[in-house]
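Source file: protein13.tsv (TSV, C-alpha atoms)
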```tsv
chain	number	residue	atom	x	y	z
A	1287	MET	CA	0.00	0.00	0.00
A	1288	SER	CA	2.82	2.37	0.82
A	1289	ALA	CA	4.40	1.88	-2.62
A	1290	THR	CA	1.04	2.47	-4.30
A	1291	THR	CA	0.51	5.59	-2.23
A	1292	ALA	CA	3.97	6.87	-3.11
A	1293	ASP	CA	3.34	6.29	-6.83
A	1294	ALA	CA	0.02	8.08	-6.57
A	1295	ARG	CA	1.68	11.01	-4.84
A	1296	ARG	CA	4.40	11.19	-7.48
A	1297	GLY	CA	1.76	11.06	-10.20
A	1298	SER	CA	-0.20	13.85	-8.53
A	1299	ALA	CA	2.97	15.92	-8.15
A	1300	ALA	CA	3.84	15.41	-11.83
A	1301	ARG	CA	0.32	16.44	-12.90
A	1302	ALA	CA	0.46	19.48	-10.64
A	1303	GLU	CA	3.84	20.44	-12.13
A	1304	ARG	CA	2.53	20.10	-15.68
A	1305	LEU	CA	-0.56	22.10	-14.75
A	1306	GLY	CA	1.65	24.79	-13.19
A	1307	ARG	CA	3.83	25.00	-16.31
A	1308	ALA	CA	0.75	25.27	-18.52
A	1309	LEU	CA	-0.73	27.93	-16.27
A	1310	ARG	CA	2.52	29.95	-16.28
A	1311	LEU	CA	2.68	29.63	-20.07
A	1312	TRP	CA	-0.86	30.94	-20.53
A	1313	VAL	CA	-0.37	33.74	-18.00
A	1314	THR	CA	2.80	34.97	-19.78
A	1315	ALA	CA	2.01	34.20	-23.42
A	1316	GLY	CA	-1.79	34.11	-23.29
A	1317	PRO	CA	-2.44	37.88	-23.49
A	1318	GLY	CA	-0.09	38.28	-26.45
A	1319	LEU	CA	-1.55	35.27	-28.26
A	1320	THR	CA	-5.08	36.51	-27.62
A	1321	TRP	CA	-4.18	39.93	-29.01
A	1322	ILE	CA	-2.63	38.38	-32.12
A	1323	VAL	CA	-5.62	36.12	-32.74
A	1324	LEU	CA	-8.24	38.83	-32.20
A	1325	PHE	CA	-6.56	41.69	-34.03
A	1326	LEU	CA	-4.40	39.93	-36.66
A	1327	VAL	CA	-5.41	36.35	-37.40
A	1328	LEU	CA	-9.20	36.81	-37.22
A	1329	PRO	CA	-9.37	40.05	-39.27
A	1330	SER	CA	-6.98	38.57	-41.84
A	1331	ALA	CA	-9.12	35.42	-42.13
A	1332	ILE	CA	-12.26	37.53	-42.60
A	1333	LEU	CA	-10.53	39.69	-45.21
A	1334	LEU	CA	-9.25	36.67	-47.13
A	1335	GLY	CA	-12.74	35.14	-47.03
A	1336	ILE	CA	-14.23	38.28	-48.57
A	1337	GLY	CA	-12.09	37.60	-51.65
A	1338	PHE	CA	-14.49	34.80	-52.64
A	1339	PHE	CA	-17.70	36.86	-52.43
A	1340	THR	CA	-19.54	38.74	-55.14
A	1341	SER	CA	-19.22	42.52	-55.25
A	1342	GLY	CA	-22.53	44.17	-54.35
A	1343	SER	CA	-24.14	47.34	-55.67
A	1344	TYR	CA	-22.02	49.53	-53.37
A	1345	GLY	CA	-18.86	47.43	-53.54
A	1346	GLY	CA	-19.55	45.37	-50.43
A	1347	PRO	CA	-19.35	41.56	-50.30
A	1348	GLU	CA	-22.51	39.64	-51.16
A	1349	LEU	CA	-23.46	36.05	-51.88
A	1350	PRO	CA	-23.09	33.91	-53.93
A	1351	LEU	CA	-19.49	32.81	-53.61
A	1352	THR	CA	-17.46	33.20	-56.78
A	1353	LEU	CA	-13.94	33.15	-58.17
A	1354	GLN	CA	-14.51	36.31	-60.21
A	1355	PRO	CA	-12.41	38.55	-57.89
A	1356	LEU	CA	-9.45	36.20	-58.39
A	1357	ARG	CA	-10.02	36.31	-62.14
A	1358	GLU	CA	-9.96	40.11	-61.98
A	1359	VAL	CA	-6.66	39.96	-60.11
A	1360	ALA	CA	-5.29	37.82	-62.95
A	1361	GLY	CA	-6.41	40.57	-65.34
A	1362	TYR	CA	-9.64	39.06	-66.73
A	1363	SER	CA	-12.82	41.15	-66.77
A	1364	ILE	CA	-15.85	41.72	-68.98
A	1365	LEU	CA	-13.64	43.88	-71.20
A	1366	GLY	CA	-11.12	41.09	-71.76
A	1367	TRP	CA	-7.61	40.67	-70.39
A	1368	SER	CA	-5.51	43.59	-69.13
A	1369	SER	CA	-1.89	43.65	-67.99
A	1370	GLY	CA	-2.51	46.45	-65.48
A	1371	ASN	CA	-2.18	44.29	-62.37
A	1372	ILE	CA	0.98	42.64	-63.70
A	1373	THR	CA	2.43	46.11	-64.30
A	1374	VAL	CA	1.62	47.15	-60.73
A	1375	LEU	CA	3.17	43.94	-59.40
A	1376	VAL	CA	6.38	44.35	-61.42
A	1377	ARG	CA	6.63	48.02	-60.44
A	1378	SER	CA	6.16	47.13	-56.76
A	1379	LEU	CA	8.86	44.47	-57.00
A	1380	ILE	CA	11.30	46.82	-58.71
A	1381	GLN	CA	10.71	49.59	-56.17
A	1382	ALA	CA	11.01	47.19	-53.22
A	1383	MET	CA	14.21	45.59	-54.52
A	1384	SER	CA	15.65	49.01	-55.37
A	1385	ALA	CA	14.95	50.09	-51.80
A	1386	GLY	CA	16.69	46.94	-50.59
A	1387	VAL	CA	19.78	47.59	-52.73
A	1388	LEU	CA	19.99	51.25	-51.69
A	1389	THR	CA	19.60	50.47	-47.99
A	1390	VAL	CA	22.44	47.94	-48.27
A	1391	LEU	CA	24.68	50.48	-49.98
A	1392	PHE	CA	23.99	53.06	-47.28
A	1393	ALA	CA	23.93	50.63	-44.34
A	1394	TYR	CA	27.37	49.05	-44.79
A	1395	PRO	CA	29.37	52.33	-44.46
A	1396	VAL	CA	27.17	53.47	-41.55
A	1397	VAL	CA	27.52	50.15	-39.73
A	1398	PHE	CA	31.29	49.98	-40.11
A	1399	TYR	CA	31.63	53.57	-38.99
A	1400	ILE	CA	29.71	52.67	-35.83
A	1401	VAL	CA	31.57	49.43	-35.07
A	1402	THR	CA	34.95	51.17	-35.40
A	1403	ARG	CA	34.03	53.81	-32.81
A	1404	PRO	CA	34.79	53.39	-29.09
A	1405	PRO	CA	32.42	50.88	-27.43
A	1406	ALA	CA	30.88	53.56	-25.23
A	1407	ALA	CA	29.83	55.65	-28.26
A	1408	ARG	CA	28.28	52.83	-30.30
A	1409	PRO	CA	24.87	52.63	-28.57
A	1410	LEU	CA	24.41	56.39	-28.93
A	1411	LEU	CA	25.31	56.33	-32.63
A	1412	LEU	CA	22.98	53.41	-33.23
A	1413	LEU	CA	20.24	55.29	-31.38
A	1414	PHE	CA	20.63	58.23	-33.79
A	1415	ILE	CA	19.90	55.81	-36.66
A	1416	VAL	CA	16.89	54.20	-35.02
A	1417	LEU	CA	15.42	57.33	-33.42
A	1418	PRO	CA	13.62	58.69	-36.53
A	1419	SER	CA	11.69	55.42	-36.89
A	1420	TRP	CA	10.08	56.09	-33.51
A	1421	THR	CA	8.00	58.85	-35.09
A	1422	ASN	CA	4.96	58.16	-37.24
A	1423	GLN	CA	5.70	57.18	-40.84
A	1424	VAL	CA	3.14	59.66	-42.12
A	1425	VAL	CA	4.91	62.53	-40.33
A	1426	ARG	CA	8.28	61.50	-41.75
A	1427	THR	CA	6.82	61.23	-45.24
A	1428	TYR	CA	5.24	64.69	-45.01
A	1429	ALA	CA	8.66	66.01	-44.02
A	1430	TRP	CA	10.10	64.59	-47.24
A	1431	MET	CA	7.27	66.23	-49.19
A	1432	GLU	CA	8.54	69.57	-47.91
A	1433	LEU	CA	12.20	68.70	-48.54
A	1434	LEU	CA	11.51	67.62	-52.13
A	1435	GLY	CA	8.81	70.15	-53.03
A	1436	PRO	CA	9.16	72.78	-55.78
A	1437	GLU	CA	10.30	75.50	-53.37
A	1438	SER	CA	12.85	73.39	-51.51
A	1439	ALA	CA	16.59	74.07	-51.68
A	1440	LEU	CA	17.24	70.62	-53.16
A	1441	SER	CA	14.75	71.19	-55.98
A	1442	HIS	CA	16.26	74.61	-56.69
A	1443	LEU	CA	19.70	72.99	-56.92
A	1444	VAL	CA	18.47	70.38	-59.41
A	1445	GLN	CA	16.68	73.11	-61.39
A	1446	SER	CA	19.89	75.18	-61.55
A	1447	LEU	CA	21.71	72.16	-62.99
A	1448	GLY	CA	19.15	71.95	-65.78
A	1449	LEU	CA	17.91	68.53	-64.67
A	1450	LEU	CA	14.46	69.79	-63.69
A	1451	GLN	CA	12.13	72.31	-65.26
A	1452	PRO	CA	11.55	75.56	-63.37
A	1453	HIS	CA	8.72	75.61	-60.82
A	1454	LEU	CA	8.76	71.83	-60.62
A	1455	GLY	CA	9.98	69.79	-57.66
A	1456	LEU	CA	11.39	66.36	-57.10
A	1457	PHE	CA	8.08	65.58	-55.43
A	1458	PRO	CA	5.83	63.96	-56.56
A	1459	GLY	CA	7.47	61.27	-58.62
A	1460	VAL	CA	9.24	57.94	-58.71
A	1461	LEU	CA	12.51	59.42	-57.40
A	1462	ALA	CA	10.76	60.94	-54.38
A	1463	MET	CA	9.05	57.65	-53.66
A	1464	GLN	CA	12.35	55.78	-53.86
A	1465	ILE	CA	13.99	58.26	-51.50
A	1466	GLY	CA	11.11	57.87	-49.06
A	1467	LEU	CA	11.24	54.06	-49.11
A	1468	THR	CA	15.01	54.02	-48.65
A	1469	TYR	CA	14.89	56.50	-45.78
A	1470	ASN	CA	12.01	54.81	-43.96
A	1471	TYR	CA	13.48	51.31	-44.10
A	1472	LEU	CA	17.18	52.11	-43.66
A	1473	PRO	CA	17.13	51.44	-39.87
A	1474	TYR	CA	15.73	47.96	-40.53
A	1475	MET	CA	18.85	47.18	-42.54
A	1476	VAL	CA	21.32	48.89	-40.22
A	1477	VAL	CA	20.26	47.09	-37.02
A	1478	PRO	CA	20.70	43.44	-38.20
A	1479	LEU	CA	23.88	44.35	-40.08
A	1480	TYR	CA	25.25	46.01	-36.96
A	1481	ALA	CA	24.41	42.90	-34.90
A	1482	ALA	CA	26.43	40.79	-37.35
A	1483	ALA	CA	29.31	43.27	-37.75
A	1484	GLU	CA	29.68	43.64	-33.99
A	1485	LYS	CA	30.74	39.97	-33.84
A	1486	LEU	CA	33.15	40.34	-36.74
A	1487	ASP	CA	36.39	38.39	-36.43
A	1488	TRP	CA	38.93	41.08	-37.28
A	1489	ALA	CA	41.72	38.48	-37.28
A	1490	LEU	CA	40.36	37.20	-40.59
A	1491	VAL	CA	40.42	40.73	-42.00
A	1492	GLU	CA	44.05	41.15	-40.90
A	1493	ALA	CA	44.88	37.77	-42.42
A	1494	GLY	CA	43.40	38.94	-45.71
A	1495	ARG	CA	45.53	42.06	-45.59
A	1496	ASP	CA	48.61	39.95	-44.89
A	1497	LEU	CA	47.80	38.04	-48.06
A	1498	TYR	CA	47.78	41.34	-49.98
A	1499	ALA	CA	44.00	41.52	-50.39
A	1500	SER	CA	42.58	45.02	-50.35
A	1501	GLY	CA	39.50	46.98	-51.28
A	1502	PRO	CA	36.56	45.05	-52.74
A	1503	ARG	CA	38.42	41.74	-52.68
A	1504	LEU	CA	39.18	42.06	-48.97
A	1505	PHE	CA	35.57	42.96	-48.23
A	1506	TRP	CA	34.13	40.15	-50.35
A	1507	ASN	CA	36.33	37.40	-48.91
A	1508	THR	CA	36.58	38.37	-45.24
A	1509	VAL	CA	33.82	40.79	-44.27
A	1510	PHE	CA	30.88	39.84	-46.46
A	1511	PRO	CA	30.67	36.15	-45.40
A	1512	GLN	CA	30.67	37.15	-41.73
A	1513	THR	CA	27.92	39.76	-42.16
A	1514	LEU	CA	25.79	37.62	-44.49
A	1515	PRO	CA	23.30	36.50	-41.79
A	1516	GLY	CA	22.58	40.11	-40.85
A	1517	LEU	CA	22.34	41.10	-44.50
A	1518	LEU	CA	19.80	38.38	-45.25
A	1519	SER	CA	17.69	39.35	-42.24
A	1520	GLY	CA	17.84	43.00	-43.28
A	1521	ILE	CA	16.67	42.16	-46.79
A	1522	ILE	CA	13.58	40.48	-45.37
A	1523	LEU	CA	12.86	43.43	-43.06
A	1524	VAL	CA	13.19	45.93	-45.91
A	1525	VAL	CA	11.99	44.34	-49.15
A	1526	ILE	CA	8.81	42.66	-47.90
A	1527	PRO	CA	7.34	45.72	-46.10
A	1528	ALA	CA	8.43	48.00	-48.96
A	1529	PHE	CA	6.65	45.70	-51.43
A	1530	GLY	CA	3.28	46.36	-49.79
A	1531	ASP	CA	3.89	49.90	-48.56
A	1532	TYR	CA	0.96	52.28	-48.85
A	1533	VAL	CA	1.93	55.57	-47.17
A	1534	VAL	CA	5.10	56.43	-49.11
A	1535	PRO	CA	3.81	55.62	-52.64
A	1536	THR	CA	0.54	57.46	-51.97
A	1537	LEU	CA	2.09	60.64	-50.55
A	1538	LEU	CA	5.42	60.88	-52.39
A	1539	GLY	CA	4.41	59.09	-55.59
A	1540	GLY	CA	1.42	61.38	-56.06
A	1541	GLY	CA	-0.45	58.75	-58.08
A	1542	LYS	CA	2.26	58.70	-60.75
A	1543	SER	CA	3.55	55.28	-59.76
A	1544	MET	CA	0.90	53.08	-58.16
A	1545	MET	CA	2.11	50.13	-56.13
A	1546	ILE	CA	0.14	47.14	-54.95
A	1547	GLY	CA	-0.48	48.58	-51.47
A	1548	SER	CA	-2.08	51.68	-52.99
A	1549	LEU	CA	-4.12	49.56	-55.41
A	1550	ILE	CA	-5.51	47.48	-52.55
A	1551	ALA	CA	-6.37	50.55	-50.48
A	1552	SER	CA	-8.18	52.17	-53.39
A	1553	GLN	CA	-10.55	49.18	-53.62
A	1554	PHE	CA	-11.72	49.83	-50.07
A	1555	LEU	CA	-11.67	53.64	-50.01
A	1556	GLU	CA	-11.95	55.29	-53.42
A	1557	THR	CA	-13.75	52.91	-55.81
A	1558	PRO	CA	-15.24	50.36	-53.40
A	1559	ASN	CA	-14.89	46.78	-54.51
A	1560	TRP	CA	-14.15	44.83	-51.37
A	1561	PRO	CA	-13.95	41.34	-52.92
A	1562	TYR	CA	-11.47	42.56	-55.53
A	1563	GLY	CA	-9.38	44.29	-52.85
A	1564	ALA	CA	-9.44	41.15	-50.70
A	1565	ALA	CA	-8.42	39.04	-53.70
A	1566	LEU	CA	-5.50	41.39	-54.29
A	1567	THR	CA	-4.56	40.90	-50.63
A	1568	ILE	CA	-4.62	37.12	-51.13
A	1569	PHE	CA	-2.38	37.54	-54.15
A	1570	MET	CA	0.07	39.73	-52.22
A	1571	LEU	CA	0.08	37.31	-49.27
A	1572	VAL	CA	0.81	34.31	-51.51
A	1573	PHE	CA	3.55	36.20	-53.29
A	1574	THR	CA	5.09	37.27	-49.95
A	1575	CYS	CA	5.06	33.69	-48.63
A	1576	ALA	CA	6.65	32.46	-51.86
A	1577	GLY	CA	9.34	35.11	-51.46
A	1578	LEU	CA	10.02	33.99	-47.89
A	1579	LEU	CA	10.33	30.36	-48.97
A	1580	ALA	CA	12.68	31.33	-51.79
A	1581	PHE	CA	14.72	33.38	-49.34
A	1582	ARG	CA	14.95	30.42	-46.96
A	1583	VAL	CA	16.27	28.18	-49.73
A	1584	LEU	CA	18.73	30.84	-50.86
A	1585	SER	CA	19.99	31.49	-47.34
A	1586	LYS	CA	20.62	27.77	-46.82
A	1587	ARG	CA	22.60	27.57	-50.05
A	1588	LEU	CA	24.63	30.63	-49.12
A	1589	GLY	CA	25.33	29.21	-45.69
A	1590	GLY	CA	23.39	31.84	-43.75
A	1591	ALA	CA	23.28	31.35	-40.02
A	1592	GLU	CA	20.17	30.35	-38.14
A	1593	GLU	CA	19.31	33.90	-37.13
A	1594	SER	CA	18.63	34.73	-40.78
A	1595	MET	CA	16.05	31.97	-41.06
A	1596	MET	CA	12.38	32.83	-40.67
```

So, in terms of structure tokens, how does the structure I just supplied come out?
Amino acid sequence: MSATTADARRGSAARAERLGRALRLWVTAGPGLTWIVLFLVLPSAILLGIGFFTSGSYGGPELPLTLQPLREVAGYSILGWSSGNITVLVRSLIQAMSAGVLTVLFAYPVVFYIVTRPPAARPLLLLFIVLPSWTNQVVRTYAWMELLGPESALSHLVQSLGLLQPHLGLFPGVLAMQIGLTYNYLPYMVVPLYAAAEKLDWALVEAGRDLYASGPRLFWNTVFPQTLPGLLSGIILVVIPAFGDYVVPTLLGGGKSMMIGSLIASQFLETPNWPYGAALTIFMLVFTCAGLLAFRVLSKRLGGAEESMM
């Protein structure tokens, strides 16, 4: 009886321990999970479901269920086939990848300037890079509208060089939109690159110099492989949000260069067609997931570290 009682007590203690772990897990992670489910997963599921409804008289979703919104995303309508959506997709990809390339070109010099400063100064310098992103993106974009407007000093300089007609500004336009995307997402490239560069093995760099490597060859063979995980993470954090950005193309593009985020928003705000807008969202989500999978395969082939995997 004593052995049976001891086993029962151990079993009760084990169940109580498991119950305590589960309770601690729900107390700590439960509020965050509930928030994500209620305000991200559930609205997204509803929005994706709307993509299979019929557009009503005022653009709202109505029964019966149909695949017509998906056909419209592919370019098919009562007027035949149009390449407009493909054009918007390609333009969005080009702008997003251009923003990724430009942020890399700006981030590497900034990061290596920071990591070569005294350790006490590095957090402050990194804070100066991150600090602008703490303000609202709309406010920052309006600031660029003023900096690139017809009466700005930069526009006057370009006009004096004969590259811009008088009384015209750099805003609105594709160049202004590209500047806005690069500026807004630069911190998201700097931070992961800095995390990788901070752990740089400078002995390998010195070894490369001893072997008479210099300039681009030294960077490519000693620095680039060590910062690759941070670079890959930065590309994800820049290219994917820039692909679906709405604020910057709408304000700085001025309607001259519509991207997929602006096209989706217009279906809910300007010319209501909720099922079509939801179908465009499905298309963007599928394309984003495909990009993430392709990135995962590429990062494995390039030997990216685990922190670059998502």

Practice prompt. Can you work out the spacing between atom CA of Pro1347 of chain A and atom CA of Pro1527 of chain A in Å, to one decimal?
Written response: 27.3 Å

Worksheet entry | Pick from A:Trp1560, A:Phe1573, A:Tyr1480, A:Trp1430 nearest to Tyr1394 of chain A, counting only C-alpha atoms |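 Ranking A:Trp1560, A:Phe1573, A:Tyr1480, A:Trp1430 by distance to Tyr1394 of chain A, first place goes to A:Tyr1480.
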
Worksheet item: Given the choices A:Trp1506, A:Tyr1562, A:Tyr1474, A:Trp1420, which gets closest to Gln1354 of chain A if the distance is worked out from all atoms listed in the file?
Response: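 Of A:Trp1506, A:Tyr1562, A:Tyr1474, A:Trp1420, the one nearest Gln1354 of chain A is A:Tyr1562, counting all atoms listed in the file.
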
Each residue of segment 1420-1485 of chain A lying at most 12 Å from segment 1542-1553 of chain A should get a row with its shortest atom-to-atom pair and the distance in Å to one decimal, counting all atoms listed in the file; could you produce that, ordered by chain and increasing number, as CSV?
```
residue,atom,partner,partner_atom,distance
A:Phe1457,CA,A:Lys1542,CA,10.5
A:Pro1458,CA,A:Lys1542,CA,7.6
A:Gly1459,CA,A:Lys1542,CA,6.2
A:Val1460,CA,A:Ser1543,CA,6.4
A:Leu1461,CA,A:Ser1543,CA,10.1
A:Ala1462,CA,A:Ser1543,CA,10.6
A:Met1463,CA,A:Ser1543,CA,8.5
A:Gln1464,CA,A:Ser1543,CA,10.6
```

Worksheet entry | Residue among A:Leu1305, A:Val1525, A:Val1359, A:Leu1412 lying closest to Val1387 of chain A, counting all atoms listed in the file |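 Among the listed residues, A:Val1525 lies closest to Val1387 of chain A.
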
Discussion item. Could you check the closest approach to Thr1557 of chain A for each of A:Pro1409, A:Gly1345, A:Pro1478, A:Arg1357 and tell me which residue wins, using only C-alpha atoms?
Written reply: A:Gly1345

Practice prompt. Calculate how many Å separate atom CA of Ala1493 of chain A from atom CA of Thr1508 of chain A, rounding to one decimal.
Written response: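 These two atoms are separated by 8.8 Å.
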
Practice prompt. Tell me, in Å to one decimal, how far atom CA of Glu1303 of chain A is from atom CA of Val1323 of chain A.
Written response: 27.6 Å

Discussion item. Under the rule that all atoms listed in the file are counted, which of A:Gly1435, A:Pro1561, A:Pro1405, A:Gly1386 is the nearest residue to Pro1350 of chain A?
Written reply: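 Smallest separation from Pro1350 of chain A among the options: A:Pro1561.
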
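Nearest residue to Gly1346 of chain A among A:Pro1515, A:Gly1539, A:Gly1563, A:Gly1448 is A:Gly1563, counting only C-alpha atoms.
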
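With only the atoms specified (all atoms listed in the file) counting, those residues at most 10 Å away from (11.9, 43.9, -40.2) are Tyr1471, Pro1473, Tyr1474, Met1475, Val1477, Pro1478, Ser1519, Gly1520, Ile1521, Ile1522, Leu1523, Val1524, Val1525, Ile1526 and Pro1527 of chain A.
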
Practice prompt. Tell me which protein, DNA and RNA residues are within 10 Å of Leu1472 of chain A, counting all atoms listed in the file, leaving out same-chain ones fewer than 6 positions away, and put them as a PyMOL selection string.
Written response: chain A and resi 1385-1386+1388-1393+1415-1416+1419+1466+1520+1523-1524
